[in-house]
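The file entry-v2.tsv contains TSV, N, CA and C atoms:
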chain	number	residue	atom	x	y	z
N	1	MET	N	1.06	12.70	11.81
N	1	MET	CA	0.14	11.61	11.62
N	1	MET	C	0.89	10.30	11.74
N	2	SER	N	0.33	9.37	12.43
N	2	SER	CA	0.98	8.09	12.66
N	2	SER	C	0.26	6.99	11.90
N	3	ALA	N	0.99	5.95	11.57
N	3	ALA	CA	0.38	4.78	10.92
N	3	ALA	C	-0.65	4.13	11.83
N	4	LEU	N	-0.59	4.44	13.12
N	4	LEU	CA	-1.54	3.86	14.06
N	4	LEU	C	-2.79	4.72	14.23
N	5	ALA	N	-2.77	5.93	13.70
N	5	ALA	CA	-3.93	6.82	13.80
N	5	ALA	C	-5.01	6.36	12.84
N	6	ASP	N	-6.25	6.77	13.10
N	6	ASP	CA	-7.32	6.40	12.18
N	6	ASP	C	-7.84	7.61	11.40
N	7	LYS	N	-7.17	8.75	11.58
N	7	LYS	CA	-7.54	9.96	10.85
N	7	LYS	C	-6.30	10.74	10.49
N	8	ALA	N	-6.41	11.52	9.42
N	8	ALA	CA	-5.30	12.36	8.98
N	8	ALA	C	-5.86	13.68	8.48
N	9	ILE	N	-5.05	14.71	8.52
N	9	ILE	CA	-5.43	16.01	7.98
N	9	ILE	C	-4.73	16.16	6.63
N	10	VAL	N	-5.50	16.50	5.61
N	10	VAL	CA	-4.93	16.70	4.28
N	10	VAL	C	-4.23	18.05	4.27
N	11	LYS	N	-2.96	18.04	3.85
N	11	LYS	CA	-2.16	19.25	3.82
N	11	LYS	C	-1.66	19.51	2.40
N	12	LYS	N	-1.40	20.76	2.10
N	12	LYS	CA	-0.80	21.15	0.83
N	12	LYS	C	0.58	21.68	1.14
N	13	GLU	N	1.60	20.96	0.65
N	13	GLU	CA	2.98	21.33	0.91
N	13	GLU	C	3.80	21.19	-0.37
N	14	LEU	N	4.87	21.92	-0.45
N	14	LEU	CA	5.76	21.81	-1.60
N	14	LEU	C	6.49	20.48	-1.54
N	15	LEU	N	6.64	19.85	-2.69
N	15	LEU	CA	7.26	18.54	-2.76
N	15	LEU	C	8.67	18.53	-2.17
N	16	TYR	N	9.46	19.54	-2.48
N	16	TYR	CA	10.84	19.54	-1.96
N	16	TYR	C	10.87	19.69	-0.44
N	17	GLU	N	9.84	20.28	0.15
N	17	GLU	CA	9.78	20.38	1.61
N	17	GLU	C	9.41	19.03	2.23
N	18	VAL	N	8.57	18.29	1.55
N	18	VAL	CA	8.15	16.98	2.06
N	18	VAL	C	9.26	15.95	1.84
N	19	ALA	N	9.81	15.92	0.64
N	19	ALA	CA	10.81	14.90	0.29
N	19	ALA	C	12.18	15.21	0.89
N	20	GLY	N	12.46	16.49	1.08
N	20	GLY	CA	13.78	16.85	1.59
N	20	GLY	C	14.87	16.37	0.66
N	21	ARG	N	15.85	15.69	1.20
N	21	ARG	CA	16.96	15.17	0.39
N	21	ARG	C	16.71	13.74	-0.11
N	22	ASN	N	15.56	13.20	0.24
N	22	ASN	CA	15.22	11.85	-0.21
N	22	ASN	C	14.90	11.83	-1.69
N	23	LYS	N	15.23	10.73	-2.35
N	23	LYS	CA	14.91	10.58	-3.76
N	23	LYS	C	13.41	10.26	-3.89
N	24	TYR	N	12.85	10.71	-4.99
N	24	TYR	CA	11.44	10.41	-5.29
N	24	TYR	C	11.28	10.36	-6.79
N	25	HIS	N	10.18	9.78	-7.22
N	25	HIS	CA	9.83	9.80	-8.64
N	25	HIS	C	8.32	9.78	-8.78
N	26	VAL	N	7.84	10.32	-9.87
N	26	VAL	CA	6.40	10.32	-10.15
N	26	VAL	C	6.04	8.91	-10.61
N	27	ASN	N	5.00	8.37	-10.02
N	27	ASN	CA	4.61	7.00	-10.32
N	27	ASN	C	3.17	6.98	-10.83
N	28	ASN	N	3.05	6.99	-12.13
N	28	ASN	CA	1.72	6.90	-12.76
N	28	ASN	C	1.56	5.51	-13.37
N	29	LYS	N	1.90	4.49	-12.60
N	29	LYS	CA	1.99	3.14	-13.12
N	29	LYS	C	0.66	2.52	-13.52
N	30	HIS	N	-0.43	3.13	-13.14
N	30	HIS	CA	-1.74	2.55	-13.49
N	30	HIS	C	-2.38	3.24	-14.69
N	31	ASP	N	-1.64	4.11	-15.36
N	31	ASP	CA	-2.20	4.82	-16.52
N	31	ASP	C	-2.61	3.86	-17.63
N	32	ASP	N	-1.95	2.71	-17.71
N	32	ASP	CA	-2.32	1.75	-18.76
N	32	ASP	C	-3.59	0.96	-18.40
N	33	LYS	N	-3.93	0.93	-17.11
N	33	LYS	CA	-5.10	0.18	-16.65
N	33	LYS	C	-6.32	1.08	-16.44
N	34	TYR	N	-6.09	2.29	-15.96
N	34	TYR	CA	-7.17	3.23	-15.68
N	34	TYR	C	-6.90	4.54	-16.42
N	35	SER	N	-7.95	5.19	-16.84
N	35	SER	CA	-7.79	6.50	-17.48
N	35	SER	C	-7.62	7.56	-16.40
N	36	PRO	N	-6.50	8.27	-16.42
N	36	PRO	CA	-6.33	9.33	-15.42
N	36	PRO	C	-7.31	10.47	-15.69
N	37	LEU	N	-7.76	11.06	-14.62
N	37	LEU	CA	-8.61	12.24	-14.74
N	37	LEU	C	-7.77	13.40	-15.27
N	38	PRO	N	-8.40	14.41	-15.83
N	38	PRO	CA	-7.62	15.57	-16.29
N	38	PRO	C	-6.89	16.22	-15.11
N	39	PRO	N	-5.66	16.70	-15.34
N	39	PRO	CA	-4.89	17.31	-14.24
N	39	PRO	C	-5.66	18.39	-13.48
N	40	SER	N	-6.44	19.20	-14.19
N	40	SER	CA	-7.20	20.26	-13.50
N	40	SER	C	-8.21	19.67	-12.53
N	41	LYS	N	-8.80	18.53	-12.88
N	41	LYS	CA	-9.78	17.86	-12.01
N	41	LYS	C	-9.07	17.25	-10.80
N	42	ILE	N	-7.90	16.66	-11.03
N	42	ILE	CA	-7.14	16.07	-9.93
N	42	ILE	C	-6.78	17.16	-8.91
N	43	VAL	N	-6.26	18.27	-9.40
N	43	VAL	CA	-5.86	19.38	-8.53
N	43	VAL	C	-7.08	19.95	-7.81
N	44	GLN	N	-8.17	20.11	-8.53
N	44	GLN	CA	-9.40	20.64	-7.91
N	44	GLN	C	-9.86	19.73	-6.78
N	45	ARG	N	-9.91	18.44	-7.04
N	45	ARG	CA	-10.34	17.48	-6.01
N	45	ARG	C	-9.40	17.50	-4.81
N	46	ALA	N	-8.09	17.59	-5.07
N	46	ALA	CA	-7.11	17.63	-3.98
N	46	ALA	C	-7.27	18.90	-3.15
N	47	GLU	N	-7.40	20.03	-3.83
N	47	GLU	CA	-7.51	21.31	-3.10
N	47	GLU	C	-8.80	21.38	-2.28
N	48	GLU	N	-9.85	20.72	-2.74
N	48	GLU	CA	-11.10	20.69	-1.96
N	48	GLU	C	-10.92	19.94	-0.64
N	49	LEU	N	-9.94	19.08	-0.58
N	49	LEU	CA	-9.70	18.27	0.62
N	49	LEU	C	-8.69	18.88	1.58
N	50	VAL	N	-7.96	19.90	1.15
N	50	VAL	CA	-6.95	20.52	2.01
N	50	VAL	C	-7.61	21.04	3.29
N	51	GLY	N	-7.00	20.67	4.40
N	51	GLY	CA	-7.51	21.10	5.71
N	51	GLY	C	-8.56	20.16	6.29
N	52	ARG	N	-9.04	19.25	5.50
N	52	ARG	CA	-10.07	18.32	5.98
N	52	ARG	C	-9.44	17.12	6.69
N	53	GLU	N	-10.20	16.61	7.63
N	53	GLU	CA	-9.82	15.37	8.30
N	53	GLU	C	-10.41	14.21	7.51
N	54	VAL	N	-9.57	13.25	7.16
N	54	VAL	CA	-10.02	12.08	6.40
N	54	VAL	C	-9.65	10.82	7.17
N	55	LEU	N	-10.36	9.74	6.88
N	55	LEU	CA	-10.03	8.46	7.50
N	55	LEU	C	-8.67	7.99	7.01
N	56	TYR	N	-7.94	7.35	7.88
N	56	TYR	CA	-6.66	6.76	7.52
N	56	TYR	C	-6.57	5.37	8.15
N	57	LYS	N	-6.46	4.38	7.31
N	57	LYS	CA	-6.25	3.02	7.77
N	57	LYS	C	-5.15	2.44	6.89
N	58	LEU	N	-4.16	1.88	7.50
N	58	LEU	CA	-2.98	1.39	6.78
N	58	LEU	C	-3.34	0.43	5.66
N	59	THR	N	-4.34	-0.41	5.87
N	59	THR	CA	-4.64	-1.44	4.88
N	59	THR	C	-5.76	-1.08	3.90
N	60	THR	N	-6.58	-0.09	4.22
N	60	THR	CA	-7.72	0.20	3.33
N	60	THR	C	-7.85	1.65	2.91
N	61	GLU	N	-7.23	2.55	3.62
N	61	GLU	CA	-7.36	3.98	3.28
N	61	GLU	C	-6.06	4.71	3.58
N	62	ASN	N	-4.96	4.26	2.95
N	62	ASN	CA	-3.67	4.89	3.20
N	62	ASN	C	-3.37	5.93	2.12
N	63	CYS	N	-2.16	6.47	2.13
N	63	CYS	CA	-1.82	7.54	1.19
N	63	CYS	C	-1.84	7.07	-0.26
N	64	GLU	N	-1.49	5.81	-0.51
N	64	GLU	CA	-1.54	5.30	-1.88
N	64	GLU	C	-2.99	5.18	-2.36
N	65	HIS	N	-3.89	4.73	-1.50
N	65	HIS	CA	-5.31	4.71	-1.83
N	65	HIS	C	-5.77	6.14	-2.17
N	66	PHE	N	-5.33	7.08	-1.36
N	66	PHE	CA	-5.74	8.49	-1.50
N	66	PHE	C	-5.34	9.06	-2.86
N	67	VAL	N	-4.07	8.90	-3.24
N	67	VAL	CA	-3.63	9.50	-4.50
N	67	VAL	C	-4.21	8.78	-5.71
N	68	ASN	N	-4.38	7.46	-5.62
N	68	ASN	CA	-5.01	6.75	-6.73
N	68	ASN	C	-6.48	7.13	-6.89
N	69	GLU	N	-7.14	7.39	-5.79
N	69	GLU	CA	-8.53	7.88	-5.86
N	69	GLU	C	-8.57	9.25	-6.54
N	70	LEU	N	-7.62	10.11	-6.21
N	70	LEU	CA	-7.58	11.43	-6.84
N	70	LEU	C	-7.27	11.32	-8.33
N	71	ARG	N	-6.30	10.52	-8.70
N	71	ARG	CA	-5.85	10.45	-10.10
N	71	ARG	C	-6.80	9.65	-11.00
N	72	TYR	N	-7.27	8.51	-10.49
N	72	TYR	CA	-8.04	7.60	-11.34
N	72	TYR	C	-9.51	7.45	-10.93
N	73	GLY	N	-9.84	7.92	-9.73
N	73	GLY	CA	-11.18	7.67	-9.23
N	73	GLY	C	-11.32	6.25	-8.70
N	74	VAL	N	-10.18	5.58	-8.48
N	74	VAL	CA	-10.14	4.20	-7.99
N	74	VAL	C	-9.22	4.15	-6.78
N	75	SER	N	-9.78	3.70	-5.67
N	75	SER	CA	-8.99	3.59	-4.44
N	75	SER	C	-8.32	2.23	-4.42
N	76	ARG	N	-6.98	2.22	-4.54
N	76	ARG	CA	-6.24	0.95	-4.52
N	76	ARG	C	-4.83	1.18	-4.00
N	77	SER	N	-4.25	0.12	-3.45
N	77	SER	CA	-2.89	0.19	-2.95
N	77	SER	C	-2.16	-1.11	-3.29
N	78	ASP	N	-1.22	-1.01	-4.19
N	78	ASP	CA	-0.40	-2.18	-4.52
N	78	ASP	C	0.48	-2.58	-3.35
N	79	GLN	N	0.89	-1.61	-2.53
N	79	GLN	CA	1.72	-1.92	-1.38
N	79	GLN	C	0.98	-2.88	-0.45
N	80	VAL	N	-0.29	-2.60	-0.22
N	80	VAL	CA	-1.09	-3.46	0.66
N	80	VAL	C	-1.27	-4.83	0.00
N	81	ARG	N	-1.61	-4.85	-1.28
N	81	ARG	CA	-1.80	-6.11	-2.00
N	81	ARG	C	-0.53	-6.94	-1.96
N	82	ASP	N	0.61	-6.32	-2.21
N	82	ASP	CA	1.89	-7.03	-2.22
N	82	ASP	C	2.25	-7.55	-0.83
N	83	ALA	N	1.98	-6.76	0.18
N	83	ALA	CA	2.28	-7.18	1.56
N	83	ALA	C	1.41	-8.37	1.96
N	84	VAL	N	0.14	-8.34	1.61
N	84	VAL	CA	-0.75	-9.45	1.93
N	84	VAL	C	-0.29	-10.71	1.20
N	85	ALA	N	0.11	-10.56	-0.07
N	85	ALA	CA	0.59	-11.71	-0.84
N	85	ALA	C	1.86	-12.28	-0.21
N	86	ALA	N	2.77	-11.41	0.20
N	86	ALA	CA	4.03	-11.86	0.81
N	86	ALA	C	3.76	-12.61	2.11
N	87	VAL	N	2.85	-12.09	2.91
N	87	VAL	CA	2.50	-12.75	4.17
N	87	VAL	C	1.87	-14.10	3.89
N	88	SER	N	1.00	-14.16	2.89
N	88	SER	CA	0.35	-15.43	2.53
N	88	SER	C	1.38	-16.46	2.07
N	89	ILE	N	2.29	-16.05	1.21
N	89	ILE	CA	3.33	-16.96	0.71
N	89	ILE	C	4.21	-17.43	1.86
N	90	THR	N	4.60	-16.50	2.72
N	90	THR	CA	5.44	-16.85	3.87
N	90	THR	C	4.72	-17.85	4.76
N	91	GLY	N	3.43	-17.64	4.97
N	91	GLY	CA	2.65	-18.57	5.78
N	91	GLY	C	2.58	-19.96	5.19
N	92	VAL	N	2.37	-20.04	3.87
N	92	VAL	CA	2.30	-21.34	3.19
N	92	VAL	C	3.65	-22.04	3.26
N	93	VAL	N	4.72	-21.30	2.99
N	93	VAL	CA	6.07	-21.89	3.06
N	93	VAL	C	6.36	-22.35	4.49
N	94	GLY	N	5.99	-21.54	5.46
N	94	GLY	CA	6.20	-21.91	6.86
N	94	GLY	C	5.47	-23.19	7.23
N	95	LEU	N	4.22	-23.33	6.77
N	95	LEU	CA	3.46	-24.54	7.05
N	95	LEU	C	4.09	-25.75	6.35
N	96	ALA	N	4.56	-25.55	5.13
N	96	ALA	CA	5.20	-26.65	4.41
N	96	ALA	C	6.46	-27.10	5.14
N	97	VAL	N	7.26	-26.17	5.63
N	97	VAL	CA	8.48	-26.51	6.36
N	97	VAL	C	8.13	-27.26	7.64
N	98	LEU	N	7.11	-26.76	8.36
N	98	LEU	CA	6.70	-27.45	9.59
N	98	LEU	C	6.20	-28.85	9.29
N	99	GLY	N	5.46	-29.01	8.20
N	99	GLY	CA	4.98	-30.33	7.79
N	99	GLY	C	6.14	-31.26	7.47
N	100	PHE	N	7.14	-30.75	6.76
N	100	PHE	CA	8.31	-31.53	6.40
N	100	PHE	C	9.07	-31.95	7.66
N	101	ILE	N	9.23	-31.04	8.59
N	101	ILE	CA	9.93	-31.35	9.85
N	101	ILE	C	9.16	-32.43	10.60
N	102	GLY	N	7.84	-32.31	10.61
N	102	GLY	CA	7.02	-33.32	11.28
N	102	GLY	C	7.16	-34.69	10.65
N	103	ILE	N	7.17	-34.74	9.32
N	103	ILE	CA	7.34	-36.02	8.62
N	103	ILE	C	8.70	-36.62	8.93
N	104	MET	N	9.74	-35.79	8.87
N	104	MET	CA	11.09	-36.28	9.14
N	104	MET	C	11.22	-36.78	10.58
N	105	ALA	N	10.63	-36.05	11.52
N	105	ALA	CA	10.69	-36.46	12.93
N	105	ALA	C	9.96	-37.79	13.12
N	106	SER	N	8.83	-37.94	12.43
N	106	SER	CA	8.06	-39.17	12.54
N	106	SER	C	8.85	-40.35	11.97
N	107	ARG	N	9.50	-40.14	10.82
N	107	ARG	CA	10.31	-41.21	10.21
N	107	ARG	C	11.48	-41.57	11.13
N	108	ASN	N	12.12	-40.57	11.68
N	108	ASN	CA	13.28	-40.79	12.56
N	108	ASN	C	12.84	-41.59	13.79
N	109	LYS	N	11.67	-41.29	14.31
N	109	LYS	CA	11.17	-41.96	15.50
N	109	LYS	C	10.88	-43.43	15.18
N	110	ARG	N	10.28	-43.66	13.99
N	110	ARG	CA	9.96	-45.05	13.59
N	110	ARG	C	11.24	-45.85	13.35
N	111	GLN	N	12.27	-45.20	12.80
N	111	GLN	CA	13.52	-45.91	12.54
N	111	GLN	C	14.22	-46.32	13.83
N	112	LYS	N	14.05	-45.51	14.86
N	112	LYS	CA	14.70	-45.81	16.15
N	112	LYS	C	13.98	-46.94	16.86
N	113	GLN	N	12.71	-47.18	16.54
N	113	GLN	CA	11.94	-48.24	17.22
N	113	GLN	C	12.27	-49.53	16.69

As structure tokens, please, write out the structure in this file.
Amino acid sequence: MSALADKAIVKKELLYEVAGRNKYHVNNKHDDKYSPLPPSKIVQRAEELVGREVLYKLTTENCEHFVNELRYGVSRSDQVRDAVAAVSITGVVGLAVLGFIGIMASRNKRQKQ
């Protein structure tokens, strides 16, 4: 499955086969904000989806959205939120720098006249 695809197949695989030698950790960081569903319900919901084709969109329906929907019943992705915020901040800073350069160039031009 590619980040450019718009669909994915839900698979059931052992964690060590997926992670390989890469480090990983369980991230239940939203437990303080949302009540997690009972583990049996999470597993049941996940197993019902195995083999199914689901929509995949990097910004609205990615793997983080998927697991949060299973665990909390809430589809959300902090990765997407953080990326959008970073792009917004970068854009604002970029515009401010361009504005500053424009002001300095204008002053320099007036001083030369």

| query | stretch 68-78 of chain N: which residues within 6 Å, counting all atoms listed in the file, same-chain residues fewer than 6 positions away excluded, as an MDAnalysis selection string? | reply | chainID N and resid 35:37 42

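In this model, the gap between atom CA of N:Asp6 and atom CA of N:Cys63 comes to 12.3 Å.
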
| For atom C of N:Phe66 and atom N of N:Ala46, the interatomic separation in Å (one decimal) |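 If I compute the distance from atom C of N:Phe66 to atom N of N:Ala46, I get 9.2 Å.
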
Enclose all atoms of stretch 64-74 of chain N listed in the file in an axis-aligned box, grow every side by 3 Å, and hand back centre and edge lengths in Å to one decimal, as lines of an AutoDock Vina configuration file.
center_x = -6.4
center_y = 7.8
center_z = -5.9
size_x = 15.8
size_y = 13.3
size_z = 16.8

| Interatomic distance, atom CA of N:Val43 to atom CA of N:Thr60 (Å, one decimal) |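 Atom-to-atom, atom CA of N:Val43 and atom CA of N:Thr60 are spaced 22.6 Å apart.
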
| message | For N:Tyr56, find every residue with an atom within 7 Å (counting only C-alpha atoms), except residues of its own chain fewer than 6 positions away, and show them as a ChimeraX atom specification. | response | /N:5-8,62

| said: So that I can see what lies close to N:Val50, please list as a PyMOL selection string the residues with an atom at most 6 Å from it, counting only N, CA and C atoms and leaving out residues fewer than 3 positions away in the same chain. | reply: chain N and resi 10-12+46-47
